[in-house]
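In what follows, a single structure is set out as structure tokens and then discussed.
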Amino acid sequence: MSEHTDAISRVAELEEQERRLRLPRFDNDDAWRLGCLIADLAQERGAAVTIGVQRAGQRLFHRALPGTSPDNDAWLERKCRVVERYGASSFLVGTRFRAKGSSFEESSRLDPDRYAAHGGAFPIHVTGTGVIGAVAVSGLPQAEDHALVVEALERYLSTAQG
């Protein structure tokens, strides 16, 4: 299967994740709990990642695990800018461009030093309000960064609703 064909089939899956992973509320304490959950999952797996949670442009949580570097912070910022601009996960945005036979870098007309449509940043969508921020991971291959955030949101939602 070509990258283009794979991207087309993946868009629906990523859109479904975003419809499903909406939070009933989100405050500073929620940001701390979600960030710590991601850090715990990453540490259990020995994953060298940097984690960030932000709301309305304010960083509410940041953790750089051993083995990361300032480059991971730059990736977090670039991926979160994509979420802020498009209201969708950085992985979904990049995948949509690939599904159209192009790339984000070629077709978005945005500065690649400021925006990165690579997996790892996911919108914090509060039901009835909309996208209010982003949760992001950097340090793994992009599909794994994305999967770690999705797994953490799934666990977080199951405990928040449980």
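To be explicit about the labels: the chains of the structure tokens are called A, B, and onward in the order shown, and within each one the residues are counted from 1, while ligands get numbers from 1 in the order they are shown.
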
- Message: Considering only strand (DSSP E) as DSSP defines it on the backbone, what residues of range 13-146 of chain A qualify? List them as a ChimeraX atom specification.
- Response: /A:50-55,58-64,121-126,130-138

- Between A:Val49, A:Ile132, A:Cys36, A:Leu110, single out the one closest to Ala88 in chain A, counting only C-alpha atoms. A:Ile132

- Query: Nearest to Ala121 in chain A among A:Asp71, A:Glu144, A:Asp29, A:Glu106, with distances taken over only C-alpha atoms: which residue is it?
  - Reply: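 Looking only at the distances to Ala121 in chain A, the closest residue turns out to be A:Glu144.
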
- Task: Compile the contact shell of Arg98 in chain A as an NGL selection string: residues with an atom at most 6 Å away, counting only C-alpha atoms, same-chain residues fewer than 3 positions apart removed.
- Result: :A and (4 or 7 or 95 or 101-103)
